[in-house]
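Student: Sharing coords-v2.txt here; it has compact mmCIF, C-alpha atoms and all ligand atoms.
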```
# COMPACT_ATOMS: atom_id res chain seq x y z
CA MET A 19 106.58 76.17 55.08
CA SER A 20 105.99 79.03 52.61
CA PHE A 21 105.46 81.88 55.07
CA LYS A 22 107.62 83.78 57.48
CA VAL A 23 107.05 83.64 61.25
CA ILE A 24 108.19 86.70 63.16
CA LYS A 25 108.36 86.25 66.90
CA ALA A 26 108.21 89.63 68.60
CA ASN A 27 109.04 90.11 72.25
CA VAL A 28 106.17 92.42 73.16
CA LEU A 29 107.83 93.09 76.47
CA ALA A 30 111.21 94.09 75.00
CA ALA A 31 110.37 97.79 74.56
CA ASN A 32 108.98 97.91 78.09
CA ASP A 33 112.06 96.18 79.51
CA ASP A 34 114.27 98.72 77.80
CA VAL A 35 112.54 101.64 79.55
CA ALA A 36 112.43 99.69 82.84
CA GLY A 37 116.19 99.20 82.61
CA LYS A 38 116.71 102.94 82.18
CA ILE A 39 114.48 103.70 85.17
CA ARG A 40 116.44 101.15 87.26
CA GLU A 41 119.73 102.83 86.26
CA MET A 42 118.31 106.24 87.19
CA LEU A 43 117.16 104.97 90.60
CA ALA A 44 120.51 103.28 91.21
CA LYS A 45 122.28 106.62 90.73
CA THR A 46 120.12 108.37 93.34
CA GLY A 47 119.83 105.35 95.67
CA THR A 48 116.03 105.53 95.43
CA TYR A 49 114.14 102.31 96.19
CA MET A 50 110.97 101.40 94.25
CA ILE A 51 108.20 99.01 95.20
CA ASN A 52 105.39 97.83 92.93
CA ILE A 53 102.30 96.72 94.87
CA ILE A 54 100.13 94.27 92.95
CA SER A 55 96.79 92.78 93.99
CA SER A 56 93.30 92.03 92.79
CA PRO A 57 90.81 94.94 92.95
CA GLY A 58 89.81 95.80 96.50
CA ALA A 59 92.47 93.83 98.41
CA GLY A 60 93.30 97.04 100.30
CA LYS A 61 96.31 98.63 98.54
CA THR A 62 95.11 102.22 98.99
CA SER A 63 94.01 101.53 102.58
CA PHE A 64 97.51 100.14 103.21
CA LEU A 65 99.14 103.31 101.85
CA GLU A 66 96.77 105.52 103.83
CA LYS A 67 98.04 103.80 106.99
CA VAL A 68 101.68 103.23 106.06
CA GLY A 69 102.27 106.68 104.45
CA PRO A 70 102.12 108.62 107.74
CA MET A 71 104.24 105.90 109.42
CA LEU A 72 106.96 106.31 106.77
CA ARG A 73 106.83 110.06 107.27
CA ARG A 74 107.50 109.56 110.99
CA GLU A 75 110.56 107.48 109.99
CA LYS A 76 111.72 110.49 107.89
CA ILE A 77 111.44 108.51 104.66
CA SER A 78 110.75 110.82 101.71
CA PHE A 79 108.49 109.14 99.18
CA ILE A 80 106.15 109.57 96.25
CA ILE A 81 103.16 107.38 95.45
CA VAL A 82 102.17 106.58 91.87
CA THR A 83 98.71 105.06 91.82
CA GLY A 84 97.09 103.37 88.84
CA ASP A 85 93.39 103.15 88.11
CA CYS A 86 91.50 102.60 84.86
CA PHE A 87 89.20 105.61 85.07
CA THR A 88 89.00 107.52 88.34
CA SER A 89 91.18 109.60 90.64
CA ARG A 90 89.49 108.24 93.74
CA ASP A 91 92.66 106.66 95.18
CA ALA A 92 94.74 109.81 94.62
CA GLU A 93 91.98 111.89 96.25
CA ARG A 94 92.02 109.61 99.30
CA MET A 95 95.79 109.94 99.69
CA ASP A 96 95.82 113.65 98.89
CA LYS A 97 93.38 114.17 101.78
CA LEU A 98 96.16 112.83 104.04
CA LYS A 99 98.66 115.12 102.31
CA LEU A 100 100.56 112.13 100.89
CA PRO A 101 102.45 113.07 97.68
CA VAL A 102 100.68 111.23 94.90
CA VAL A 103 100.48 111.03 91.10
CA GLN A 104 97.40 109.40 89.54
CA ILE A 105 97.75 107.34 86.37
CA ASN A 106 94.57 106.56 84.42
CA THR A 107 95.18 103.62 82.12
CA GLY A 108 91.79 103.74 80.31
CA ASN A 109 91.11 100.10 79.58
CA GLY A 110 94.74 99.16 80.30
CA CYS A 111 95.02 96.43 82.91
CA HIS A 112 98.49 97.32 84.19
CA ILE A 113 101.04 100.11 84.57
CA ASP A 114 104.02 99.82 82.23
CA ALA A 115 107.49 101.32 82.50
CA GLY A 116 106.68 104.19 80.11
CA LEU A 117 103.89 105.37 82.41
CA ILE A 118 106.21 105.27 85.42
CA LYS A 119 108.82 107.29 83.51
CA LYS A 120 106.17 109.93 82.74
CA SER A 121 104.93 109.97 86.35
CA LEU A 122 108.41 110.57 87.74
CA LYS A 123 109.08 113.58 85.51
CA GLY A 124 109.50 116.59 87.78
CA THR A 125 110.27 114.48 90.89
CA ASP A 126 113.67 115.21 92.41
CA LEU A 127 114.82 111.63 92.88
CA LYS A 128 117.96 112.79 94.70
CA LYS A 129 115.60 113.87 97.49
CA THR A 130 113.36 110.79 97.25
CA ASP A 131 114.09 107.65 99.28
CA LEU A 132 111.18 105.61 98.00
CA VAL A 133 108.84 105.40 95.01
CA ILE A 134 105.66 103.43 95.78
CA VAL A 135 103.64 102.13 92.84
CA GLU A 136 100.05 101.03 93.49
CA ASN A 137 99.35 99.05 90.35
CA VAL A 138 95.93 98.64 88.71
CA GLY A 139 93.89 96.00 90.56
CA ASN A 140 94.72 92.82 88.66
CA LEU A 141 96.59 89.66 89.68
CA ILE A 142 97.75 88.69 86.19
CA CYS A 143 99.06 91.38 83.79
CA PRO A 144 100.98 93.65 86.23
CA ALA A 145 103.08 90.66 87.31
CA GLU A 146 104.46 90.40 83.75
CA PHE A 147 105.62 94.00 83.53
CA ASP A 148 108.93 95.21 84.88
CA VAL A 149 108.61 98.92 85.74
CA GLY A 150 112.16 99.29 87.07
CA GLU A 151 111.19 98.38 90.62
CA ASP A 152 113.47 96.87 93.26
CA ALA A 153 110.67 94.71 94.59
CA LYS A 154 107.25 93.60 93.51
CA ILE A 155 104.89 93.09 96.44
CA ALA A 156 102.21 90.42 96.12
CA PHE A 157 99.29 91.82 98.10
CA LEU A 158 96.24 89.64 98.79
CA SER A 159 93.44 89.66 101.29
CA THR A 160 91.59 87.06 103.32
CA ALA A 161 88.35 87.98 101.54
CA GLU A 162 89.60 86.59 98.21
CA GLY A 163 90.17 82.92 98.98
CA ALA A 164 93.28 81.07 100.09
CA ASP A 165 93.88 79.47 96.69
CA LYS A 166 94.91 82.66 94.90
CA PRO A 167 98.69 81.98 95.07
CA LEU A 168 98.04 78.56 93.46
CA LYS A 169 95.93 80.11 90.70
CA TYR A 170 98.15 83.14 90.01
CA PRO A 171 101.67 81.84 90.74
CA LEU A 172 103.65 84.26 88.55
CA LEU A 173 103.08 87.21 90.89
CA PHE A 174 104.29 85.21 93.88
CA ARG A 175 107.29 83.91 91.95
CA GLU A 176 108.27 87.46 90.91
CA SER A 177 107.77 89.13 94.30
CA LYS A 178 110.16 89.91 97.13
CA LEU A 179 107.41 90.23 99.73
CA ALA A 180 103.88 88.89 100.15
CA VAL A 181 101.36 90.78 102.27
CA ILE A 182 98.18 89.06 103.45
CA ASN A 183 95.75 91.83 104.40
CA LYS A 184 92.40 91.85 106.26
CA VAL A 185 93.49 89.33 108.91
CA ASP A 186 90.84 90.96 111.13
CA LEU A 187 88.29 89.14 108.93
CA LEU A 188 89.78 85.67 109.53
CA LYS A 189 87.09 84.83 112.07
CA TYR A 190 84.32 85.61 109.57
CA VAL A 191 85.59 84.21 106.26
CA ASP A 192 86.56 80.75 105.06
CA PHE A 193 90.23 81.48 104.52
CA ASN A 194 92.70 78.72 105.35
CA LEU A 195 95.77 80.75 106.29
CA LEU A 196 98.02 77.68 106.63
CA PHE A 197 97.02 76.44 103.17
CA CYS A 198 97.69 79.88 101.68
CA VAL A 199 101.12 80.22 103.34
CA LYS A 200 102.06 76.65 102.35
CA ASN A 201 101.27 77.37 98.71
CA ILE A 202 103.20 80.64 98.72
CA ASN A 203 106.18 78.76 100.17
CA ASN A 204 105.88 76.07 97.49
CA ILE A 205 105.92 78.70 94.73
CA ASN A 206 108.70 80.84 96.19
CA SER A 207 110.37 79.38 99.25
CA GLY A 208 112.36 82.53 100.05
CA LEU A 209 109.39 84.87 99.98
CA LYS A 210 108.85 86.84 103.18
CA ILE A 211 105.19 86.88 104.24
CA LEU A 212 103.57 89.57 106.39
CA LYS A 213 100.07 89.25 107.85
CA VAL A 214 98.42 92.62 108.33
CA SER A 215 95.16 94.43 108.90
CA CYS A 216 94.70 97.94 107.59
CA LYS A 217 91.61 98.17 109.79
CA THR A 218 93.30 97.41 113.13
CA GLY A 219 96.89 98.31 112.18
CA GLU A 220 98.13 94.80 113.03
CA GLY A 221 101.42 93.91 111.29
CA LEU A 222 101.96 97.29 109.61
CA GLY A 223 104.99 98.04 111.80
CA GLY A 224 106.62 94.91 110.34
CA PHE A 225 106.23 96.32 106.86
CA VAL A 226 107.76 99.68 107.82
CA LYS A 227 110.71 97.87 109.41
CA TRP A 228 111.22 95.80 106.24
CA ILE A 229 111.06 98.75 103.83
CA VAL A 230 113.33 100.96 105.96
CA SER A 231 115.93 98.20 105.96
CA GLU A 232 115.59 97.67 102.16
CA ILE A 233 116.07 101.42 101.57
CA ARG A 234 119.12 101.53 103.85
CA ASN A 235 120.70 98.51 102.12
CA LYS A 236 120.27 100.12 98.70
CA LYS A 237 121.81 103.38 99.89
CA THR A 238 124.76 101.45 101.38
CA ARG A 239 125.27 99.60 98.07
CA LYS A 240 125.18 102.95 96.20
CA LYS A 241 127.85 104.41 98.51
CA GLY A 242 130.00 101.31 97.93
CA VAL A 243 129.78 101.77 94.14
CA SER A 244 130.43 105.53 94.10
CA ARG A 245 133.44 105.32 96.43
N1 LIG B 301 87.99 94.58 107.29
C1 LIG B 301 88.96 95.13 106.56
N2 LIG B 301 88.66 95.87 105.47
C2 LIG B 301 89.67 96.42 104.77
C3 LIG B 301 91.03 96.25 105.15
N3 LIG B 301 91.81 96.89 104.24
C4 LIG B 301 90.96 97.45 103.37
N4 LIG B 301 89.68 97.18 103.67
C5 LIG B 301 88.47 97.60 102.91
O1 LIG B 301 88.52 96.98 101.62
C6 LIG B 301 87.93 97.83 100.64
C7 LIG B 301 88.88 98.06 99.48
O2 LIG B 301 90.02 98.78 99.93
P1 LIG B 301 90.95 99.65 98.98
O3 LIG B 301 92.03 100.16 99.82
O4 LIG B 301 90.13 100.60 98.20
O5 LIG B 301 91.46 98.51 98.01
P2 LIG B 301 92.42 98.65 96.72
O6 LIG B 301 93.22 97.41 96.64
O7 LIG B 301 93.16 99.92 96.76
O8 LIG B 301 91.33 98.67 95.55
P3 LIG B 301 91.60 99.05 93.99
O9 LIG B 301 92.51 100.22 93.94
O10 LIG B 301 90.23 99.34 93.47
O11 LIG B 301 92.20 97.83 93.36
C8 LIG B 301 87.56 99.12 101.37
O12 LIG B 301 86.20 99.09 101.71
C9 LIG B 301 88.44 99.09 102.64
O13 LIG B 301 87.86 99.79 103.71
C10 LIG B 301 91.32 95.46 106.31
O14 LIG B 301 92.46 95.22 106.70
N5 LIG B 301 90.25 94.93 106.97
MG MG B 302 93.34 101.44 95.35
```
Go ahead and render the structure in this file as structure tokens.
Ligand SMILES: Nc1nc2c(ncn2[C@@H]2O[C@H](COP(=O)(O)OP(=O)(O)OP(=O)(O)O)[C@@H](O)[C@H]2O)c(=O)[nH]1
Ligand SMILES: [Mg+2]

Tutor:
Amino acid sequence: MSFKVIKANVLAANDDVAGKIREMLAKTGTYMINIISSPGAGKTSFLEKVGPMLRREKISFIIVTGDCFTSRDAERMDKLKLPVVQINTGNGCHIDAGLIKKSLKGTDLKKTDLVIVENVGNLICPAEFDVGEDAKIAFLSTAEGADKPLKYPLLFRESKLAVINKVDLLKYVDFNLLFCVKNINNINSGLKILKVSCKTGEGLGGFVKWIVSEIRNKKTRKKGVSR
């Protein structure tokens, strides 16, 4: 062979920044979730419902929401007085760690229990990018088809929680819930699965319980380290 082959890890620079964000969040005991779904699965609707519930639990949080072009999601959450930063990625199909670092500038993380990232609607690219989160959340809806975990396994492999939204539509759509759950289990047997409806509110309490416990566990671990 008379030519050189250079193999670059295109994710290395991103991982570097993600590592620094993770260190920063470890120091303040701030938990970060990264919600990933296809467009329209209901991420913003979920935050519109869950945001006020977290506030009632006295959880201080900031939402970073990603969209290619508009500020529509931030406007929706701002209407509810939820603290939100909008990222516009242009044609970018995901949020990377550098964008999260920029978004968190000016946020007092010592006073923030939780950073919530609503990623750009896309089941593929965001799953590949570490943004320094504690947990990726695979978010899908009954309107998309039960085979999505089979077709996009990386997200389900990488996630700590799966949320199946729009269960209120189960009686109208051809969505085989058992088939979907079985495939999620096959991909990641330890993955917790929550079935919710942002329309009726079903299952949302289960999410709040889960996240409150995750936040508490991280704060306990931080205390253990700093003692
Ligand atoms: N029936 C029903 N509709 C829902 C539910 N959750 C969201 N929707 C509807 O689904 C549509 C998309 O919801 P969004 O919250 O904008 O979805 P999203 O995932 O944030 O979309 P992008 O940010 O564009 O990726 C809206 O018309 C919502 O009203 C649900 O649980 N049940
Ligand atoms: Mg949205």

Student: Can you measure atom CA of A:Gly47 to atom CA of A:Glu66 for me? One decimal in Å is fine.

Tutor: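 So the answer is 24.5 Å.
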
Student: Which residues are near A:Thr160? Cut-off 6 Å, all atoms listed in the file, ignore same chain within fewer than 2 positions. Put them as a PyMOL selection string.

Tutor: chain A and resi 162+184+193

Student: Set the cut-off to 7 Å, count only C-alpha atoms and all ligand atoms, and list whatever residues fall near ligand LIG 301 (chain B) as a list of chain:residue names.

Tutor: A:Ser55, A:Ser56, A:Pro57, A:Gly58, A:Ala59, A:Gly60, A:Lys61, A:Thr62, A:Ser63, A:Phe64, A:Asp85, A:Asp91, A:Val138, A:Gly139, A:Asn183, A:Lys184, A:Val185, A:Asp186, A:Leu187, A:Val214, A:Ser215, A:Cys216, A:Lys217, A:Thr218

Student: What is the distance between atom CA of A:Arg73 and atom CA of A:Asp96, in Å to one decimal?

Tutor: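 We find that atom CA of A:Arg73 and atom CA of A:Asp96 lie 14.3 Å from each other.
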
Student: What is the distance between atom CA of A:Lys128 and atom CA of A:Lys240, in Å to one decimal?

Tutor: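 Going from atom CA of A:Lys128 over to atom CA of A:Lys240, I get 12.3 Å.
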
Student: So, counting only C-alpha atoms and all ligand atoms, which residue among A:Glu41, A:Glu136, A:Glu75, A:Asp126 is closest to ligand MG 302 (chain B)?

Tutor: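 Between A:Glu41, A:Glu136, A:Glu75, A:Asp126, the residue approaching ligand MG 302 (chain B) most closely is A:Glu136.
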
Student: For ligand MG 302 (chain B), which residue out of A:Phe21, A:Phe157, A:Phe79, A:Tyr49 is the nearest one, using all atoms listed in the file?

Tutor: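 Distance minimum relative to ligand MG 302 (chain B) lands on A:Phe157.
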
Student: Can you pull out every residue within 12 Å of A:Thr48, counting all atoms listed in the file, but drop anything in the same chain fewer than 4 positions away, and send it as an MDAnalysis selection string?

Tutor: chainID A and resid 39:44 77:80 122 125:134 150:152 229:230 232:240

Student: Quick one: everything within 10 Å of A:Leu141, counting only C-alpha atoms, minus sequence neighbours fewer than 5 positions away in the same chain. Send it as JSON, numbers by chain.

Tutor: {"A": [54, 55, 56, 57, 111, 112, 146, 156, 157, 158, 166, 167, 169, 170, 171, 172, 173, 174]}

Student: When you count only C-alpha atoms and all ligand atoms, which of these residues is closest to ligand MG 302 (chain B): A:Gly84, A:Gly219, A:Gly37, A:Pro70?

Tutor: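 When distances to ligand MG 302 (chain B) are compared using only C-alpha atoms and all ligand atoms, the smallest one comes from A:Gly84.
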